[in-house]
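Text of data29.tsv (TSV, C-alpha atoms) as supplied:
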```
chain	number	residue	atom	x	y	z
Y	1	MET	CA	-5.32	-75.84	-26.78
Y	2	GLU	CA	-7.36	-72.65	-26.55
Y	3	ASP	CA	-11.11	-73.02	-26.37
Y	4	VAL	CA	-12.12	-70.77	-29.24
Y	5	GLU	CA	-15.63	-72.24	-29.45
Y	6	ASN	CA	-16.76	-70.58	-26.24
Y	7	LYS	CA	-15.17	-67.26	-26.95
Y	8	LYS	CA	-17.38	-64.30	-27.72
Y	9	ILE	CA	-16.86	-62.15	-30.77
Y	10	GLY	CA	-14.03	-59.63	-30.90
Y	11	PHE	CA	-14.91	-56.02	-31.62
Y	12	ILE	CA	-12.62	-53.69	-33.53
Y	13	MET	CA	-13.44	-50.08	-34.19
Y	14	CYS	CA	-11.64	-48.32	-37.01
Y	15	VAL	CA	-11.74	-44.52	-36.85
Y	16	CYS	CA	-10.20	-43.62	-40.22
Y	17	THR	CA	-7.17	-41.83	-38.65
Y	18	GLY	CA	-9.32	-40.30	-35.94
Y	19	LYS	CA	-9.67	-37.21	-38.09
Y	20	CYS	CA	-12.62	-38.48	-40.06
Y	21	PRO	CA	-15.60	-36.15	-39.72
Y	22	GLY	CA	-17.82	-39.22	-40.00
Y	23	PHE	CA	-17.17	-39.86	-36.31
Y	24	ALA	CA	-17.63	-36.28	-35.17
Y	25	LYS	CA	-21.09	-36.87	-33.73
Y	26	MET	CA	-19.95	-39.56	-31.31
Y	27	ASP	CA	-17.56	-39.73	-28.41
Y	28	VAL	CA	-15.39	-42.59	-29.66
Y	29	TRP	CA	-14.00	-43.30	-26.21
Y	30	ASP	CA	-17.44	-43.48	-24.61
Y	31	PHE	CA	-18.51	-45.70	-27.47
Y	32	ILE	CA	-15.67	-48.20	-27.23
Y	33	ASN	CA	-15.83	-48.31	-23.44
Y	34	ARG	CA	-19.55	-49.05	-23.52
Y	35	VAL	CA	-19.05	-51.78	-26.11
Y	36	ARG	CA	-16.17	-53.48	-24.33
Y	37	ILE	CA	-17.64	-53.21	-20.83
Y	38	GLU	CA	-21.41	-53.46	-21.30
Y	39	LEU	CA	-21.86	-55.66	-24.35
Y	40	PRO	CA	-21.14	-59.38	-24.72
Y	41	VAL	CA	-17.87	-59.11	-26.64
Y	42	GLU	CA	-14.54	-60.77	-25.88
Y	43	TYR	CA	-12.79	-57.40	-26.15
Y	44	GLY	CA	-13.12	-54.08	-27.90
Y	45	PHE	CA	-10.47	-51.67	-29.09
Y	46	ILE	CA	-9.79	-48.85	-31.55
Y	47	HIS	CA	-7.45	-49.06	-34.52
Y	48	PRO	CA	-6.57	-45.76	-36.22
Y	49	GLN	CA	-6.76	-46.93	-39.85
Y	50	LEU	CA	-7.21	-50.57	-40.72
Y	51	CYS	CA	-7.27	-49.98	-44.48
Y	52	GLU	CA	-3.68	-48.67	-44.59
Y	53	GLU	CA	-0.51	-50.77	-44.90
Y	54	ASP	CA	0.07	-50.96	-41.15
Y	55	GLY	CA	-3.57	-52.01	-40.76
Y	56	ASP	CA	-2.91	-54.90	-43.13
Y	57	ARG	CA	0.16	-55.85	-41.12
Y	58	PHE	CA	-1.83	-55.64	-37.91
Y	59	LEU	CA	-4.59	-57.89	-39.27
Y	60	ASP	CA	-1.96	-60.36	-40.49
Y	61	ASP	CA	-0.66	-60.63	-36.93
Y	62	PHE	CA	-4.01	-60.50	-35.20
Y	63	LEU	CA	-6.64	-62.52	-37.06
Y	64	ARG	CA	-6.96	-66.14	-36.07
Y	65	PRO	CA	-8.91	-68.99	-37.63
Y	66	GLY	CA	-12.00	-70.13	-35.75
Y	67	ARG	CA	-12.88	-66.63	-34.61
Y	68	LYS	CA	-15.42	-64.07	-35.74
Y	69	TYR	CA	-14.77	-60.34	-35.82
Y	70	LEU	CA	-17.20	-57.48	-35.65
Y	71	ILE	CA	-15.70	-54.37	-37.18
Y	72	GLY	CA	-17.36	-51.02	-36.58
Y	73	ALA	CA	-16.08	-48.67	-39.23
Y	74	CYS	CA	-17.17	-47.62	-42.72
Y	75	ALA	CA	-19.45	-49.10	-45.39
Y	76	PRO	CA	-19.75	-52.92	-45.25
Y	77	ASN	CA	-19.11	-53.34	-48.99
Y	78	MET	CA	-15.84	-51.46	-48.54
Y	79	GLN	CA	-14.86	-53.49	-45.50
Y	80	TYR	CA	-15.34	-56.68	-47.52
Y	81	LYS	CA	-13.08	-55.26	-50.22
Y	82	MET	CA	-10.42	-53.87	-47.91
Y	83	PHE	CA	-10.09	-56.79	-45.52
Y	84	ARG	CA	-10.64	-59.66	-47.99
Y	85	ASP	CA	-6.96	-60.55	-48.37
Y	86	ALA	CA	-6.20	-60.40	-44.64
Y	87	PHE	CA	-9.13	-62.68	-43.79
Y	88	LYS	CA	-8.19	-65.12	-46.52
Y	89	LYS	CA	-4.58	-65.19	-45.35
Y	90	ALA	CA	-5.76	-66.00	-41.81
Y	91	GLY	CA	-7.86	-68.91	-43.08
Y	92	LEU	CA	-11.13	-67.08	-42.44
Y	93	ASP	CA	-14.22	-66.81	-44.62
Y	94	ILE	CA	-14.87	-63.08	-44.80
Y	95	LYS	CA	-18.57	-63.54	-45.60
Y	96	LYS	CA	-19.08	-65.57	-42.42
Y	97	ASP	CA	-16.35	-64.43	-40.07
Y	98	LEU	CA	-16.55	-60.68	-40.59
Y	99	ILE	CA	-19.59	-58.78	-39.38
Y	100	PRO	CA	-19.07	-55.30	-40.81
Y	101	LEU	CA	-21.02	-52.38	-39.37
Y	102	ASP	CA	-21.13	-48.85	-40.72
Y	103	ILE	CA	-21.10	-46.61	-37.66
Y	104	ARG	CA	-20.26	-43.35	-39.37
Y	105	GLU	CA	-22.47	-40.31	-38.88
Y	106	MET	CA	-23.92	-41.80	-35.70
Y	107	THR	CA	-24.17	-40.55	-32.16
Y	108	THR	CA	-22.63	-42.68	-29.39
Y	109	ASP	CA	-26.05	-44.06	-28.43
Y	110	GLN	CA	-26.97	-44.91	-32.02
Y	111	ALA	CA	-23.67	-46.72	-32.62
Y	112	VAL	CA	-23.90	-48.71	-29.38
Y	113	GLU	CA	-27.47	-49.70	-30.26
Y	114	LEU	CA	-26.36	-50.88	-33.70
Y	115	VAL	CA	-23.63	-53.07	-32.21
Y	116	GLU	CA	-26.05	-54.41	-29.61
Y	117	LYS	CA	-28.57	-55.35	-32.30
Y	118	ALA	CA	-25.89	-57.03	-34.42
Y	119	LEU	CA	-24.81	-59.11	-31.40
Y	120	GLU	CA	-28.43	-60.08	-30.68
Y	121	HIS	CA	-28.90	-61.07	-34.30
Y	122	MET	CA	-25.77	-63.21	-34.20
Y	123	GLU	CA	-26.94	-64.91	-31.03
Y	124	GLN	CA	-30.29	-65.73	-32.64
Y	125	GLU	CA	-28.53	-67.12	-35.71
Y	126	ASP	CA	-26.25	-69.25	-33.51
Y	127	LYS	CA	-29.29	-70.65	-31.69
Y	128	LYS	CA	-30.89	-71.60	-35.02
Y	129	ASP	CA	-27.73	-73.50	-35.96
Y	130	GLU	CA	-27.67	-75.45	-32.69
C	131	MET	CA	-21.27	-34.86	-43.33
C	132	SER	CA	-21.17	-33.51	-39.83
C	133	ASN	CA	-21.59	-29.76	-39.57
C	134	SER	CA	-18.93	-29.60	-36.86
C	135	TYR	CA	-16.09	-30.29	-39.31
C	136	ASP	CA	-14.13	-27.25	-40.38
C	137	ALA	CA	-11.27	-28.10	-42.74
C	138	ASP	CA	-9.66	-24.69	-42.12
C	139	LYS	CA	-9.28	-25.40	-38.42
C	140	GLU	CA	-8.47	-29.12	-38.51
C	141	THR	CA	-4.96	-30.44	-38.05
C	142	PHE	CA	-3.38	-33.75	-38.97
C	143	MET	CA	-0.30	-34.96	-37.08
C	144	GLY	CA	0.15	-31.44	-35.75
C	145	VAL	CA	-0.03	-29.69	-39.11
C	146	PRO	CA	-2.95	-27.59	-40.42
C	147	ARG	CA	-5.01	-29.76	-42.76
C	148	ASN	CA	-5.00	-27.11	-45.44
C	149	LYS	CA	-1.18	-27.32	-45.72
C	150	ILE	CA	-1.29	-31.01	-46.65
C	151	PRO	CA	-1.91	-31.72	-50.35
C	152	TRP	CA	-3.69	-35.06	-49.89
C	153	TRP	CA	-6.76	-35.72	-52.00
C	154	PRO	CA	-7.71	-37.87	-54.98
C	155	THR	CA	-7.04	-36.99	-58.59
C	156	ILE	CA	-9.52	-38.27	-61.14
C	157	ASP	CA	-8.14	-39.64	-64.40
C	158	TYR	CA	-10.93	-38.70	-66.80
C	159	GLU	CA	-9.51	-41.05	-69.43
C	160	LYS	CA	-10.33	-43.95	-67.13
C	161	CYS	CA	-13.31	-42.74	-65.09
C	162	ASN	CA	-16.64	-44.24	-66.15
C	163	PHE	CA	-18.64	-42.06	-63.72
C	164	CYS	CA	-20.02	-45.02	-61.83
C	165	MET	CA	-19.93	-42.75	-58.75
C	166	GLU	CA	-18.86	-45.57	-56.41
C	167	CYS	CA	-16.24	-43.27	-54.90
C	168	ASP	CA	-18.77	-40.55	-54.22
C	169	LYS	CA	-21.25	-43.07	-52.80
C	170	PHE	CA	-18.60	-44.30	-50.36
C	171	CYS	CA	-17.15	-40.96	-49.25
C	172	PRO	CA	-19.33	-39.21	-46.67
C	173	HIS	CA	-17.25	-36.06	-46.60
C	174	ASN	CA	-18.42	-34.24	-49.72
C	175	VAL	CA	-14.95	-34.45	-51.23
C	176	TYR	CA	-16.55	-35.08	-54.60
C	177	GLU	CA	-19.28	-33.19	-56.39
C	178	ARG	CA	-21.45	-34.39	-59.25
C	179	THR	CA	-21.81	-31.90	-62.08
C	180	GLU	CA	-23.84	-31.41	-65.26
C	181	ASP	CA	-20.67	-31.36	-67.38
C	182	GLU	CA	-20.83	-34.40	-69.65
C	183	ASN	CA	-17.02	-34.77	-69.71
C	184	ARG	CA	-16.54	-34.20	-66.00
C	185	LYS	CA	-19.63	-35.50	-64.28
C	186	LEU	CA	-17.62	-35.79	-61.10
C	187	ILE	CA	-15.04	-33.39	-59.71
C	188	VAL	CA	-12.97	-33.10	-56.53
C	189	LYS	CA	-14.74	-30.18	-54.92
C	190	ASN	CA	-13.72	-30.06	-51.25
C	191	GLN	CA	-10.15	-31.31	-51.33
C	192	TYR	CA	-9.37	-30.56	-47.68
C	193	ASN	CA	-12.33	-32.60	-46.50
C	194	CYS	CA	-10.42	-35.69	-47.64
C	195	VAL	CA	-9.06	-37.69	-44.70
C	196	VAL	CA	-5.26	-37.67	-44.95
C	197	PHE	CA	-3.94	-41.13	-45.90
C	198	CYS	CA	-7.43	-42.49	-46.59
C	199	ARG	CA	-7.53	-44.16	-49.99
C	200	ALA	CA	-10.75	-46.08	-49.54
C	201	CYS	CA	-12.50	-44.43	-52.49
C	202	ALA	CA	-9.66	-45.57	-54.77
C	203	LYS	CA	-10.21	-49.11	-53.54
C	204	ALA	CA	-13.87	-48.79	-54.58
C	205	CYS	CA	-12.89	-47.62	-58.06
C	206	ALA	CA	-13.23	-50.47	-60.56
C	207	PRO	CA	-11.56	-48.65	-63.52
C	208	ASP	CA	-8.67	-47.56	-61.26
C	209	ALA	CA	-9.22	-43.92	-62.15
C	210	LEU	CA	-8.25	-42.40	-58.79
C	211	THR	CA	-4.74	-41.66	-57.61
C	212	PHE	CA	-3.34	-40.16	-54.44
C	213	PRO	CA	0.00	-38.49	-53.70
C	214	ASP	CA	2.94	-40.57	-52.54
C	215	LYS	CA	2.48	-41.32	-48.85
C	216	ARG	CA	6.20	-41.10	-48.05
C	217	GLU	CA	6.46	-37.66	-49.64
C	218	ILE	CA	3.45	-36.41	-47.73
C	219	THR	CA	4.82	-37.87	-44.49
C	220	LYS	CA	8.09	-36.02	-45.10
C	221	LEU	CA	6.24	-32.80	-45.84
C	222	ILE	CA	4.27	-33.12	-42.60
C	223	LYS	CA	7.51	-33.64	-40.65
C	224	ASP	CA	9.13	-30.65	-42.33
C	225	LEU	CA	6.14	-28.40	-41.67
C	226	ARG	CA	6.11	-29.48	-38.04
C	227	SER	CA	9.84	-28.68	-37.70
C	228	GLU	CA	9.30	-25.26	-39.27
C	229	LYS	CA	6.57	-24.56	-36.77
C	230	LYS	CA	8.84	-25.53	-33.88
C	231	GLU	CA	11.73	-23.43	-35.16
C	232	GLY	CA	9.50	-20.47	-35.99
```
Can you give me the file's structure in the form of structure tokens?
Amino acid sequence: MEDVENKKIGFIMCVCTGKCPGFAKMDVWDFINRVRIELPVEYGFIHPQLCEEDGDRFLDDFLRPGRKYLIGACAPNMQYKMFRDAFKKAGLDIKKDLIPLDIREMTTDQAVELVEKALEHMEQEDKKDE
Amino acid sequence: MSNSYDADKETFMGVPRNKIPWWPTIDYEKCNFCMECDKFCPHNVYERTEDENRKLIVKNQYNCVVFCRACAKACAPDALTFPDKREITKLIKDLRSEKKEG
């Protein structure tokens, strides 16, 4: 049985087809490489458009109960709306298991810093729960 | 919106963006001008106006990200529609073929 308890959070970046001007200020490849290599995440990768039908199908295949997912993409309220069904289907509580971050209109450094802060915040919250 | 974006020069799947008719259409019978779509979209696709009957219009259609329908998902009265994705996909393929042949 896989030890999900000790696994770090998974990081998914959604780039809104890659043609979204909201990501024009950052180097998405530098960003994702810094997140996956330098920050305490289990993995990090880029999906082209999670809110489209193939994104739904991907989440259906990918999400697993007992895990938390940090998604760097668009507005958090929209992420809650767009991914609600997929999280529910996977047996996840979207309010607890999704940490949505809006990384649009940011430089690479700003976006990395935001992810770093979110991870620190999660760690502090986990310590409180212990 | 980033200043570096130029809809006239952008391409999507190998086709000039301004050849792809993908943007939202507002149904003014349904729209309650809550502006949730405009609040979500960072690309200045929409513009707020002083016109009482059309307080919101689609101003910069080619700034819309092809196949993005997120604003429609934010729309409670379901007043936004987009073109058929399959038709647009076919159009993109056809335009790409024309480019190759030409």
Among the residues C:Cys164, C:Pro151, C:His173, C:Lys229, the one that comes closest to chain Y [using only C-alpha atoms]: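 Closest residue, counting only C-alpha atoms: C:His173.
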Could you please determine the separation between CA of Met106 in chain Y and CA of Ile37 in chain Y in Å, to one decimal place?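 Value for the CA of Met106 in chain Y-CA of Ile37 in chain Y distance: 19.8 Å.
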Within 9 Å of chain C: residues of chain Y, using all atoms listed in the file, as a ChimeraX atom specification: /Y:16-17,19-25,49,51-52,74-75,77-78,81-82,104-105
CA of Asp60 in chain Y to CA of Ala86 in chain Y: how many Å, to one decimal?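 Interatomic distance, CA of Asp60 in chain Y to CA of Ala86 in chain Y: 5.9 Å.
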How many Å lie between CA of Val41 in chain Y and CA of Lys8 in chain Y, rounded to one decimal?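 We find that CA of Val41 in chain Y and CA of Lys8 in chain Y lie 5.3 Å from each other.
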One residue among Y:Asp30, Y:Glu130, Y:Asp93, Y:Asp54 is nearest to Tyr69 in chain Y when using all atoms listed in the file, and that residue is Y:Asp93
Which of these residues is nearest to Lys185 in chain C, using all atoms listed in the file: C:Leu210, C:Ser227, C:Lys139, C:Asp168?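 Going through C:Leu210, C:Ser227, C:Lys139, C:Asp168 one by one, the smallest distance to Lys185 in chain C is for C:Asp168.
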Tell me which of C:Asn190, C:Asn183, C:Thr211, C:Asn174 sits closest to Ile156 in chain C, counting only C-alpha atoms.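 When distances to Ile156 in chain C are compared using only C-alpha atoms, the smallest one comes from C:Thr211.
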Need to verify the contact set: Gly55 in chain Y, 10 Å, all atoms listed in the file, exclusion of same-chain residues closer than 6 positions in sequence. Can you return it as a CSV table (one decimal) with C-alpha atoms, in the frame of the given file?
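File produced: result.csv:
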```csv
chain,number,residue,atom,x,y,z
Y,14,CYS,CA,-11.6,-48.3,-37.0
Y,47,HIS,CA,-7.4,-49.1,-34.5
Y,48,PRO,CA,-6.6,-45.8,-36.2
Y,49,GLN,CA,-6.8,-46.9,-39.8
Y,61,ASP,CA,-0.7,-60.6,-36.9
Y,83,PHE,CA,-10.1,-56.8,-45.5
Y,86,ALA,CA,-6.2,-60.4,-44.6
```
Kindly provide, as lines of an AutoDock Vina configuration file, the centre and edge lengths (Å, one decimal) of an axis-aligned box around all atoms of range 77-82 of chain Y given in the file, with 4 Å on each side.
```
center_x = -14.8
center_y = -54.1
center_z = -47.9
size_x = 16.7
size_y = 13.2
size_z = 12.7
```
